[in-house]
>>> print(open('target.txt').read())   # compact mmCIF, N, CA and C atoms
# COMPACT_ATOMS: atom_id res chain seq x y z
N MET I 1 39.01 -57.35 -148.21
CA MET I 1 38.32 -56.31 -147.46
C MET I 1 38.94 -56.24 -146.07
N SER I 2 39.24 -55.05 -145.63
CA SER I 2 39.88 -54.89 -144.32
C SER I 2 38.83 -54.84 -143.22
N THR I 3 39.27 -55.17 -142.03
CA THR I 3 38.40 -55.15 -140.86
C THR I 3 38.23 -53.70 -140.39
N PRO I 4 36.99 -53.28 -140.08
CA PRO I 4 36.80 -51.93 -139.57
C PRO I 4 37.47 -51.75 -138.22
N PRO I 5 37.80 -50.52 -137.85
CA PRO I 5 38.40 -50.29 -136.53
C PRO I 5 37.50 -50.84 -135.44
N ARG I 6 38.12 -51.32 -134.36
CA ARG I 6 37.39 -51.93 -133.25
C ARG I 6 36.29 -51.01 -132.72
N SER I 7 36.54 -49.72 -132.66
CA SER I 7 35.53 -48.80 -132.13
C SER I 7 34.27 -48.79 -132.98
N SER I 8 34.41 -49.03 -134.28
CA SER I 8 33.22 -49.03 -135.13
C SER I 8 32.44 -50.33 -135.01
N LEU I 9 33.07 -51.40 -134.51
CA LEU I 9 32.36 -52.67 -134.35
C LEU I 9 31.22 -52.54 -133.36
N ILE I 10 31.44 -51.80 -132.31
CA ILE I 10 30.42 -51.67 -131.28
C ILE I 10 29.22 -50.90 -131.79
N ARG I 11 29.43 -49.95 -132.70
CA ARG I 11 28.32 -49.15 -133.19
C ARG I 11 27.67 -49.73 -134.43
N ALA I 12 28.27 -50.74 -135.03
CA ALA I 12 27.73 -51.30 -136.27
C ALA I 12 26.41 -52.01 -135.99
N PRO I 13 25.41 -51.83 -136.84
CA PRO I 13 24.16 -52.57 -136.66
C PRO I 13 24.42 -54.06 -136.79
N TRP I 14 23.74 -54.86 -135.99
CA TRP I 14 23.99 -56.29 -135.95
C TRP I 14 23.81 -56.95 -137.30
N HIS I 15 22.89 -56.48 -138.11
CA HIS I 15 22.59 -57.16 -139.36
C HIS I 15 23.66 -56.96 -140.43
N VAL I 16 24.61 -56.06 -140.24
CA VAL I 16 25.69 -55.88 -141.21
C VAL I 16 26.99 -56.53 -140.74
N LEU I 17 26.97 -57.13 -139.58
CA LEU I 17 28.17 -57.77 -139.06
C LEU I 17 28.34 -59.17 -139.64
N THR I 18 29.55 -59.51 -139.96
CA THR I 18 29.85 -60.88 -140.37
C THR I 18 29.98 -61.71 -139.10
N PRO I 19 29.97 -63.04 -139.21
CA PRO I 19 30.16 -63.83 -137.99
C PRO I 19 31.43 -63.46 -137.23
N ARG I 20 32.52 -63.18 -137.95
CA ARG I 20 33.77 -62.83 -137.27
C ARG I 20 33.66 -61.49 -136.56
N THR I 21 33.18 -60.47 -137.25
CA THR I 21 33.08 -59.16 -136.61
C THR I 21 31.99 -59.14 -135.55
N GLY I 22 30.93 -59.94 -135.77
CA GLY I 22 29.87 -60.04 -134.76
C GLY I 22 30.40 -60.65 -133.48
N LYS I 23 31.25 -61.65 -133.63
CA LYS I 23 31.85 -62.30 -132.46
C LYS I 23 32.78 -61.32 -131.75
N GLU I 24 33.54 -60.55 -132.51
CA GLU I 24 34.44 -59.55 -131.91
C GLU I 24 33.64 -58.49 -131.17
N ALA I 25 32.55 -58.04 -131.78
CA ALA I 25 31.71 -57.03 -131.13
C ALA I 25 31.08 -57.60 -129.86
N GLY I 26 30.59 -58.83 -129.94
CA GLY I 26 30.01 -59.48 -128.77
C GLY I 26 31.01 -59.60 -127.64
N GLN I 27 32.24 -59.97 -127.99
CA GLN I 27 33.28 -60.09 -126.97
C GLN I 27 33.61 -58.72 -126.37
N ALA I 28 33.60 -57.68 -127.19
CA ALA I 28 33.86 -56.33 -126.67
C ALA I 28 32.77 -55.91 -125.68
N TYR I 29 31.52 -56.22 -126.01
CA TYR I 29 30.43 -55.92 -125.07
C TYR I 29 30.57 -56.73 -123.78
N ARG I 30 30.95 -58.00 -123.90
CA ARG I 30 31.15 -58.84 -122.70
C ARG I 30 32.25 -58.28 -121.82
N THR I 31 33.33 -57.86 -122.45
CA THR I 31 34.45 -57.30 -121.69
C THR I 31 34.02 -56.02 -120.98
N ALA I 32 33.31 -55.16 -121.71
CA ALA I 32 32.84 -53.91 -121.10
C ALA I 32 31.91 -54.20 -119.93
N ALA I 33 31.01 -55.15 -120.11
CA ALA I 33 30.06 -55.50 -119.04
C ALA I 33 30.80 -56.08 -117.83
N GLY I 34 31.81 -56.88 -118.08
CA GLY I 34 32.59 -57.44 -116.98
C GLY I 34 33.28 -56.37 -116.16
N ILE I 35 33.84 -55.39 -116.84
CA ILE I 35 34.48 -54.27 -116.14
C ILE I 35 33.44 -53.49 -115.35
N GLN I 36 32.31 -53.21 -116.00
CA GLN I 36 31.27 -52.45 -115.32
C GLN I 36 30.74 -53.17 -114.10
N LYS I 37 30.53 -54.47 -114.22
CA LYS I 37 29.95 -55.23 -113.11
C LYS I 37 30.97 -55.51 -112.02
N ASN I 38 32.12 -56.02 -112.39
CA ASN I 38 33.09 -56.48 -111.40
C ASN I 38 33.98 -55.38 -110.83
N ASP I 39 34.40 -54.44 -111.67
CA ASP I 39 35.33 -53.41 -111.21
C ASP I 39 34.62 -52.14 -110.77
N LEU I 40 33.54 -51.80 -111.44
CA LEU I 40 32.84 -50.54 -111.14
C LEU I 40 31.55 -50.75 -110.36
N ASN I 41 31.13 -52.00 -110.18
CA ASN I 41 29.89 -52.33 -109.50
C ASN I 41 28.70 -51.56 -110.10
N ASP I 42 28.72 -51.45 -111.41
CA ASP I 42 27.67 -50.75 -112.15
C ASP I 42 26.65 -51.78 -112.64
N LEU I 43 25.57 -51.94 -111.88
CA LEU I 43 24.56 -52.93 -112.23
C LEU I 43 23.46 -52.35 -113.13
N ILE I 44 23.71 -51.17 -113.67
CA ILE I 44 22.77 -50.59 -114.63
C ILE I 44 23.29 -50.79 -116.04
N ASP I 45 24.54 -50.39 -116.29
CA ASP I 45 25.09 -50.52 -117.64
C ASP I 45 25.60 -51.92 -117.94
N ALA I 46 26.05 -52.65 -116.93
CA ALA I 46 26.57 -54.00 -117.17
C ALA I 46 25.53 -54.90 -117.83
N PRO I 47 24.29 -54.98 -117.31
CA PRO I 47 23.33 -55.86 -117.98
C PRO I 47 22.94 -55.37 -119.37
N LEU I 48 22.99 -54.07 -119.58
CA LEU I 48 22.67 -53.55 -120.92
C LEU I 48 23.73 -53.99 -121.93
N ASN I 49 25.00 -53.94 -121.53
CA ASN I 49 26.05 -54.38 -122.43
C ASN I 49 26.03 -55.89 -122.62
N MET I 50 25.66 -56.64 -121.59
CA MET I 50 25.53 -58.09 -121.76
C MET I 50 24.37 -58.41 -122.69
N GLN I 51 23.33 -57.61 -122.64
CA GLN I 51 22.21 -57.81 -123.56
C GLN I 51 22.67 -57.54 -125.00
N LYS I 52 23.50 -56.52 -125.18
CA LYS I 52 24.05 -56.25 -126.51
C LYS I 52 24.94 -57.40 -126.97
N ALA I 53 25.74 -57.95 -126.05
CA ALA I 53 26.58 -59.11 -126.38
C ALA I 53 25.69 -60.29 -126.79
N PHE I 54 24.61 -60.50 -126.04
CA PHE I 54 23.65 -61.55 -126.38
C PHE I 54 23.16 -61.38 -127.82
N ASN I 55 22.80 -60.16 -128.18
CA ASN I 55 22.31 -59.90 -129.53
C ASN I 55 23.36 -60.19 -130.58
N MET I 56 24.63 -59.92 -130.28
CA MET I 56 25.71 -60.21 -131.22
C MET I 56 25.90 -61.71 -131.40
N PHE I 57 25.83 -62.46 -130.30
CA PHE I 57 26.11 -63.90 -130.34
C PHE I 57 24.89 -64.75 -130.70
N ARG I 58 23.72 -64.19 -130.65
CA ARG I 58 22.48 -64.96 -130.78
C ARG I 58 22.47 -65.92 -131.97
N LYS I 59 22.83 -65.46 -133.13
CA LYS I 59 22.78 -66.29 -134.34
C LYS I 59 24.09 -67.03 -134.61
N ILE I 60 25.22 -66.49 -134.14
CA ILE I 60 26.50 -67.09 -134.49
C ILE I 60 27.03 -68.04 -133.41
N ASP I 61 26.61 -67.85 -132.16
CA ASP I 61 27.07 -68.70 -131.06
C ASP I 61 26.00 -68.68 -129.96
N PRO I 62 24.90 -69.42 -130.15
CA PRO I 62 23.79 -69.37 -129.21
C PRO I 62 24.15 -69.74 -127.77
N ALA I 63 25.08 -70.68 -127.59
CA ALA I 63 25.46 -71.07 -126.23
C ALA I 63 26.10 -69.90 -125.49
N THR I 64 26.96 -69.16 -126.18
CA THR I 64 27.57 -67.98 -125.57
C THR I 64 26.52 -66.90 -125.34
N ALA I 65 25.56 -66.80 -126.26
CA ALA I 65 24.48 -65.83 -126.09
C ALA I 65 23.71 -66.11 -124.80
N ILE I 66 23.45 -67.39 -124.54
CA ILE I 66 22.72 -67.77 -123.31
C ILE I 66 23.53 -67.39 -122.08
N GLU I 67 24.85 -67.59 -122.11
CA GLU I 67 25.70 -67.19 -120.99
C GLU I 67 25.59 -65.68 -120.74
N CYS I 68 25.57 -64.91 -121.82
CA CYS I 68 25.49 -63.45 -121.70
C CYS I 68 24.15 -63.01 -121.10
N ILE I 69 23.07 -63.57 -121.63
CA ILE I 69 21.76 -63.14 -121.14
C ILE I 69 21.55 -63.60 -119.70
N GLN I 70 22.21 -64.70 -119.31
CA GLN I 70 22.09 -65.16 -117.92
C GLN I 70 22.70 -64.14 -116.96
N VAL I 71 23.79 -63.49 -117.37
CA VAL I 71 24.38 -62.43 -116.54
C VAL I 71 23.40 -61.28 -116.41
N THR I 72 22.75 -60.93 -117.52
CA THR I 72 21.74 -59.86 -117.49
C THR I 72 20.62 -60.23 -116.53
N ILE I 73 20.14 -61.45 -116.62
CA ILE I 73 19.06 -61.93 -115.75
C ILE I 73 19.50 -61.87 -114.29
N ASP I 74 20.72 -62.33 -114.00
CA ASP I 74 21.23 -62.31 -112.63
C ASP I 74 21.32 -60.90 -112.07
N CYS I 75 21.76 -59.96 -112.90
CA CYS I 75 21.84 -58.55 -112.45
C CYS I 75 20.47 -58.02 -112.08
N TYR I 76 19.48 -58.29 -112.93
CA TYR I 76 18.13 -57.78 -112.67
C TYR I 76 17.48 -58.46 -111.46
N THR I 77 17.68 -59.76 -111.31
CA THR I 77 17.08 -60.42 -110.16
C THR I 77 17.76 -59.99 -108.85
N SER I 78 19.06 -59.75 -108.89
CA SER I 78 19.74 -59.30 -107.67
C SER I 78 19.27 -57.91 -107.27
N ALA I 79 18.78 -57.14 -108.24
CA ALA I 79 18.24 -55.82 -107.95
C ALA I 79 16.74 -55.88 -107.65
N GLY I 80 16.16 -57.10 -107.70
CA GLY I 80 14.74 -57.26 -107.41
C GLY I 80 13.82 -56.93 -108.58
N ASN I 81 14.39 -56.77 -109.77
CA ASN I 81 13.59 -56.42 -110.94
C ASN I 81 13.24 -57.69 -111.72
N PHE I 82 12.31 -58.46 -111.15
CA PHE I 82 11.97 -59.76 -111.71
C PHE I 82 11.18 -59.66 -113.00
N ARG I 83 10.38 -58.63 -113.16
CA ARG I 83 9.61 -58.48 -114.39
C ARG I 83 10.55 -58.28 -115.58
N ARG I 84 11.53 -57.42 -115.42
CA ARG I 84 12.50 -57.20 -116.50
C ARG I 84 13.31 -58.48 -116.75
N ALA I 85 13.70 -59.15 -115.68
CA ALA I 85 14.44 -60.40 -115.81
C ALA I 85 13.59 -61.44 -116.55
N ALA I 86 12.30 -61.47 -116.26
CA ALA I 86 11.41 -62.45 -116.89
C ALA I 86 11.39 -62.27 -118.40
N SER I 87 11.41 -61.05 -118.88
CA SER I 87 11.40 -60.84 -120.33
C SER I 87 12.67 -61.39 -120.96
N HIS I 88 13.80 -61.29 -120.26
CA HIS I 88 15.05 -61.83 -120.78
C HIS I 88 15.08 -63.36 -120.67
N VAL I 89 14.47 -63.90 -119.63
CA VAL I 89 14.36 -65.35 -119.51
C VAL I 89 13.54 -65.90 -120.67
N GLU I 90 12.48 -65.20 -121.00
CA GLU I 90 11.63 -65.60 -122.13
C GLU I 90 12.42 -65.57 -123.45
N THR I 91 13.22 -64.53 -123.63
CA THR I 91 14.05 -64.43 -124.84
C THR I 91 15.07 -65.56 -124.89
N ALA I 92 15.68 -65.87 -123.74
CA ALA I 92 16.63 -66.97 -123.67
C ALA I 92 15.94 -68.29 -124.02
N ALA I 93 14.71 -68.46 -123.55
CA ALA I 93 13.96 -69.68 -123.85
C ALA I 93 13.74 -69.83 -125.35
N GLU I 94 13.46 -68.72 -126.02
CA GLU I 94 13.27 -68.75 -127.47
C GLU I 94 14.55 -69.22 -128.17
N VAL I 95 15.70 -68.72 -127.72
CA VAL I 95 16.97 -69.14 -128.32
C VAL I 95 17.21 -70.61 -128.06
N LEU I 96 16.95 -71.04 -126.84
CA LEU I 96 17.14 -72.45 -126.50
C LEU I 96 16.26 -73.34 -127.38
N GLU I 97 15.03 -72.92 -127.58
CA GLU I 97 14.09 -73.72 -128.35
C GLU I 97 14.38 -73.68 -129.85
N VAL I 98 14.53 -72.48 -130.38
CA VAL I 98 14.63 -72.31 -131.84
C VAL I 98 16.06 -72.51 -132.35
N GLU I 99 17.01 -71.84 -131.75
CA GLU I 99 18.38 -71.88 -132.25
C GLU I 99 19.13 -73.14 -131.83
N MET I 100 18.85 -73.63 -130.62
CA MET I 100 19.63 -74.74 -130.09
C MET I 100 18.85 -76.07 -130.07
N GLY I 101 17.54 -76.01 -130.24
CA GLY I 101 16.73 -77.21 -130.25
C GLY I 101 16.63 -77.90 -128.90
N ASP I 102 16.87 -77.16 -127.83
CA ASP I 102 16.83 -77.73 -126.47
C ASP I 102 15.48 -77.41 -125.84
N ARG I 103 14.48 -78.19 -126.20
CA ARG I 103 13.12 -77.92 -125.74
C ARG I 103 12.94 -78.10 -124.24
N LYS I 104 13.63 -79.07 -123.66
CA LYS I 104 13.49 -79.31 -122.23
C LYS I 104 13.98 -78.10 -121.44
N ARG I 105 15.15 -77.63 -121.76
CA ARG I 105 15.70 -76.47 -121.06
C ARG I 105 14.88 -75.21 -121.37
N ALA I 106 14.42 -75.09 -122.61
CA ALA I 106 13.58 -73.95 -122.98
C ALA I 106 12.31 -73.92 -122.13
N MET I 107 11.71 -75.08 -121.91
CA MET I 107 10.49 -75.16 -121.10
C MET I 107 10.77 -74.71 -119.67
N GLU I 108 11.92 -75.08 -119.13
CA GLU I 108 12.30 -74.63 -117.78
C GLU I 108 12.38 -73.11 -117.74
N PHE I 109 12.96 -72.50 -118.77
CA PHE I 109 13.07 -71.04 -118.84
C PHE I 109 11.70 -70.40 -118.99
N TYR I 110 10.87 -70.96 -119.88
CA TYR I 110 9.51 -70.42 -120.04
C TYR I 110 8.73 -70.48 -118.73
N ASN I 111 8.85 -71.59 -118.02
CA ASN I 111 8.15 -71.72 -116.74
C ASN I 111 8.66 -70.71 -115.71
N ARG I 112 9.96 -70.49 -115.68
CA ARG I 112 10.53 -69.50 -114.74
C ARG I 112 10.00 -68.10 -115.08
N ALA I 113 10.00 -67.76 -116.37
CA ALA I 113 9.49 -66.46 -116.79
C ALA I 113 8.02 -66.31 -116.42
N ALA I 114 7.23 -67.35 -116.66
CA ALA I 114 5.80 -67.30 -116.34
C ALA I 114 5.59 -67.10 -114.84
N GLN I 115 6.39 -67.77 -114.03
CA GLN I 115 6.27 -67.63 -112.58
C GLN I 115 6.59 -66.20 -112.14
N TRP I 116 7.66 -65.64 -112.70
CA TRP I 116 8.03 -64.27 -112.33
C TRP I 116 6.99 -63.27 -112.80
N TYR I 117 6.43 -63.48 -113.99
CA TYR I 117 5.35 -62.61 -114.47
C TYR I 117 4.15 -62.72 -113.54
N GLU I 118 3.82 -63.93 -113.17
CA GLU I 118 2.66 -64.15 -112.28
C GLU I 118 2.88 -63.52 -110.92
N ASP I 119 4.08 -63.67 -110.38
CA ASP I 119 4.41 -63.07 -109.09
C ASP I 119 4.30 -61.55 -109.15
N ASP I 120 4.53 -61.00 -110.34
CA ASP I 120 4.48 -59.55 -110.53
C ASP I 120 3.05 -59.08 -110.83
N GLY I 121 2.14 -60.04 -111.00
CA GLY I 121 0.75 -59.69 -111.28
C GLY I 121 0.47 -59.49 -112.76
N ALA I 122 1.42 -59.86 -113.61
CA ALA I 122 1.22 -59.72 -115.05
C ALA I 122 0.61 -60.99 -115.60
N LYS I 123 -0.04 -60.87 -116.76
CA LYS I 123 -0.57 -62.05 -117.43
C LYS I 123 0.56 -62.68 -118.23
N ALA I 124 0.85 -63.93 -117.92
CA ALA I 124 1.97 -64.62 -118.61
C ALA I 124 1.49 -65.24 -119.90
>>> encode(input="target.txt", output="structure tokens")
Amino acid sequence: MSTPPRSSLIRAPWHVLTPRTGKEAGQAYRTAAGIQKNDLNDLIDAPLNMQKAFNMFRKIDPATAIECIQVTIDCYTSAGNFRRAASHVETAAEVLEVEMGDRKRAMEFYNRAAQWYEDDGAKA
């Protein structure tokens, strides 16, 4: 079976990607986000593409997924959007706990998310 063209990897639903094509798609999203953030100073689309990269890597390479979502979190916190960042911190905590078995680090992430939710006046 041949590999689909690179342009179709980005549009392919995550559940039909193989680990190899999922990794390629995740890397394409990371590259796009890097260009958007570093070269274009686009702090709106860069975190969205890093979130897509996170989704690609989540099951096949959780450590890389955490790196991706951390960039998303950093973009949102630098813009002062702590509530949105908190939801991504919570998602990262789930990956740390479930996929990676790192309960200690997951608890740190859960606590950070809870603090940001509380600071925002939301029920954590």
>>> atom_distance(input="target.txt", atom1="atom N of Gly34 of chain I", atom2="atom C of Asn49 of chain I")
7.4 Å
>>> closest_atom_pairs(input="target.txt", of="segment 41-97 of chain I", to="segment 109-124 of chain I", cutoff="10 Å", atoms="only C-alpha atoms", output="CSV")
residue,atom,partner,partner_atom,distance
I:Asn81,CA,I:Asp120,CA,9.6
I:Phe82,CA,I:Trp116,CA,6.0
I:Arg83,CA,I:Tyr117,CA,5.9
I:Arg84,CA,I:Tyr117,CA,9.2
I:Ala85,CA,I:Ala113,CA,7.9
I:Ala86,CA,I:Ala113,CA,4.4
I:Ser87,CA,I:Ala113,CA,6.9
I:His88,CA,I:Ala113,CA,8.3
I:Val89,CA,I:Ala113,CA,5.7
I:Glu90,CA,I:Tyr110,CA,5.7
I:Thr91,CA,I:Tyr110,CA,8.9
I:Ala92,CA,I:Phe109,CA,7.3
I:Ala93,CA,I:Phe109,CA,5.3
I:Glu94,CA,I:Tyr110,CA,8.5
I:Leu96,CA,I:Phe109,CA,8.8
I:Glu97,CA,I:Phe109,CA,9.9
>>> select_by_dssp(input="target.txt", residues="segment 49-124 of chain I", states="helix (DSSP H, G or I)", output="NGL selection string")
:I and (49-57 or 62-78 or 82-99 or 103-119)
>>> axis_aligned_box(input="target.txt", around="segment 57-74 of chain I", padding_each_side="6 Å", output="lines of an AutoDock Vina configuration file")
center_x = 23.3
center_y = -65.5
center_z = -123.3
size_x = 20.5
size_y = 23.2
size_z = 34.5
>>> residues_around(input="target.txt", residues="Arg20 of chain I", least_positions_apart="5", cutoff="8 Å", atoms="only N, CA and C atoms", output="PyMOL selection string")
chain I and resi 25-26+60
>>> residues_near_point(input="target.txt", point="(26.6, -57.2, -120.8)", cutoff="6 Å", atoms="only N, CA and C atoms", output="PDB file with N, CA and C atoms, in the frame of the given file")
ATOM      1  N   TYR I  29      31.520 -56.220-126.010  1.00  0.00           N
ATOM      2  CA  TYR I  29      30.430 -55.920-125.070  1.00  0.00           C
ATOM      3  C   TYR I  29      30.570 -56.730-123.780  1.00  0.00           C
ATOM      4  N   ARG I  30      30.950 -58.000-123.900  1.00  0.00           N
ATOM      5  CA  ARG I  30      31.150 -58.840-122.700  1.00  0.00           C
ATOM      6  C   ARG I  30      32.250 -58.280-121.820  1.00  0.00           C
ATOM      7  N   ALA I  33      31.010 -55.150-120.110  1.00  0.00           N
ATOM      8  CA  ALA I  33      30.060 -55.500-119.040  1.00  0.00           C
ATOM      9  C   ALA I  33      30.800 -56.080-117.830  1.00  0.00           C
ATOM     10  N   GLY I  34      31.810 -56.880-118.080  1.00  0.00           N
ATOM     11  CA  GLY I  34      32.590 -57.440-116.980  1.00  0.00           C
ATOM     12  C   GLY I  34      33.280 -56.370-116.160  1.00  0.00           C
ATOM     13  N   ALA I  46      26.050 -52.650-116.930  1.00  0.00           N
ATOM     14  CA  ALA I  46      26.570 -54.000-117.170  1.00  0.00           C
ATOM     15  C   ALA I  46      25.530 -54.900-117.830  1.00  0.00           C
ATOM     16  N   PRO I  47      24.290 -54.980-117.310  1.00  0.00           N
ATOM     17  CA  PRO I  47      23.330 -55.860-117.980  1.00  0.00           C
ATOM     18  C   PRO I  47      22.940 -55.370-119.370  1.00  0.00           C
ATOM     19  N   LEU I  48      22.990 -54.070-119.580  1.00  0.00           N
ATOM     20  CA  LEU I  48      22.670 -53.550-120.920  1.00  0.00           C
ATOM     21  C   LEU I  48      23.730 -53.990-121.930  1.00  0.00           C
ATOM     22  N   ASN I  49      25.000 -53.940-121.530  1.00  0.00           N
ATOM     23  CA  ASN I  49      26.050 -54.380-122.430  1.00  0.00           C
ATOM     24  C   ASN I  49      26.030 -55.890-122.620  1.00  0.00           C
ATOM     25  N   MET I  50      25.660 -56.640-121.590  1.00  0.00           N
ATOM     26  CA  MET I  50      25.530 -58.090-121.760  1.00  0.00           C
ATOM     27  C   MET I  50      24.370 -58.410-122.690  1.00  0.00           C
ATOM     28  N   GLN I  51      23.330 -57.610-122.640  1.00  0.00           N
ATOM     29  CA  GLN I  51      22.210 -57.810-123.560  1.00  0.00           C
ATOM     30  C   GLN I  51      22.670 -57.540-125.000  1.00  0.00           C
ATOM     31  N   LYS I  52      23.500 -56.520-125.180  1.00  0.00           N
ATOM     32  CA  LYS I  52      24.050 -56.250-126.510  1.00  0.00           C
ATOM     33  C   LYS I  52      24.940 -57.400-126.970  1.00  0.00           C
ATOM     34  N   ALA I  53      25.740 -57.950-126.050  1.00  0.00           N
ATOM     35  CA  ALA I  53      26.580 -59.110-126.380  1.00  0.00           C
ATOM     36  C   ALA I  53      25.690 -60.290-126.790  1.00  0.00           C
TER      37      ALA I  53
END
>>> atom_distance(input="target.txt", atom1="atom CA of Gln70 of chain I", atom2="atom CA of Arg58 of chain I")
12.9 Å
>>> atom_distance(input="target.txt", atom1="atom N of Asn55 of chain I", atom2="atom C of Gly101 of chain I")
18.8 Å
>>> closest_residue(input="target.txt", among="I:Asp45, I:Asp102, I:Met107, I:Ser78", to="Ala32 of chain I", atoms="only C-alpha atoms")
I:Asp45
>>> closest_residue(input="target.txt", among="I:Thr64, I:Lys59, I:Val71, I:Tyr76", to="Glu99 of chain I", atoms="only C-alpha atoms")
I:Lys59
>>> closest_residue(input="target.txt", among="I:Asp39, I:Val98, I:Arg103, I:Phe54", to="Ile69 of chain I", atoms="all atoms listed in the file")
I:Phe54
>>> closest_residue(input="target.txt", among="I:Cys75, I:Met100, I:Ala65, I:Val95", to="Leu43 of chain I", atoms="all atoms listed in the file")
I:Cys75
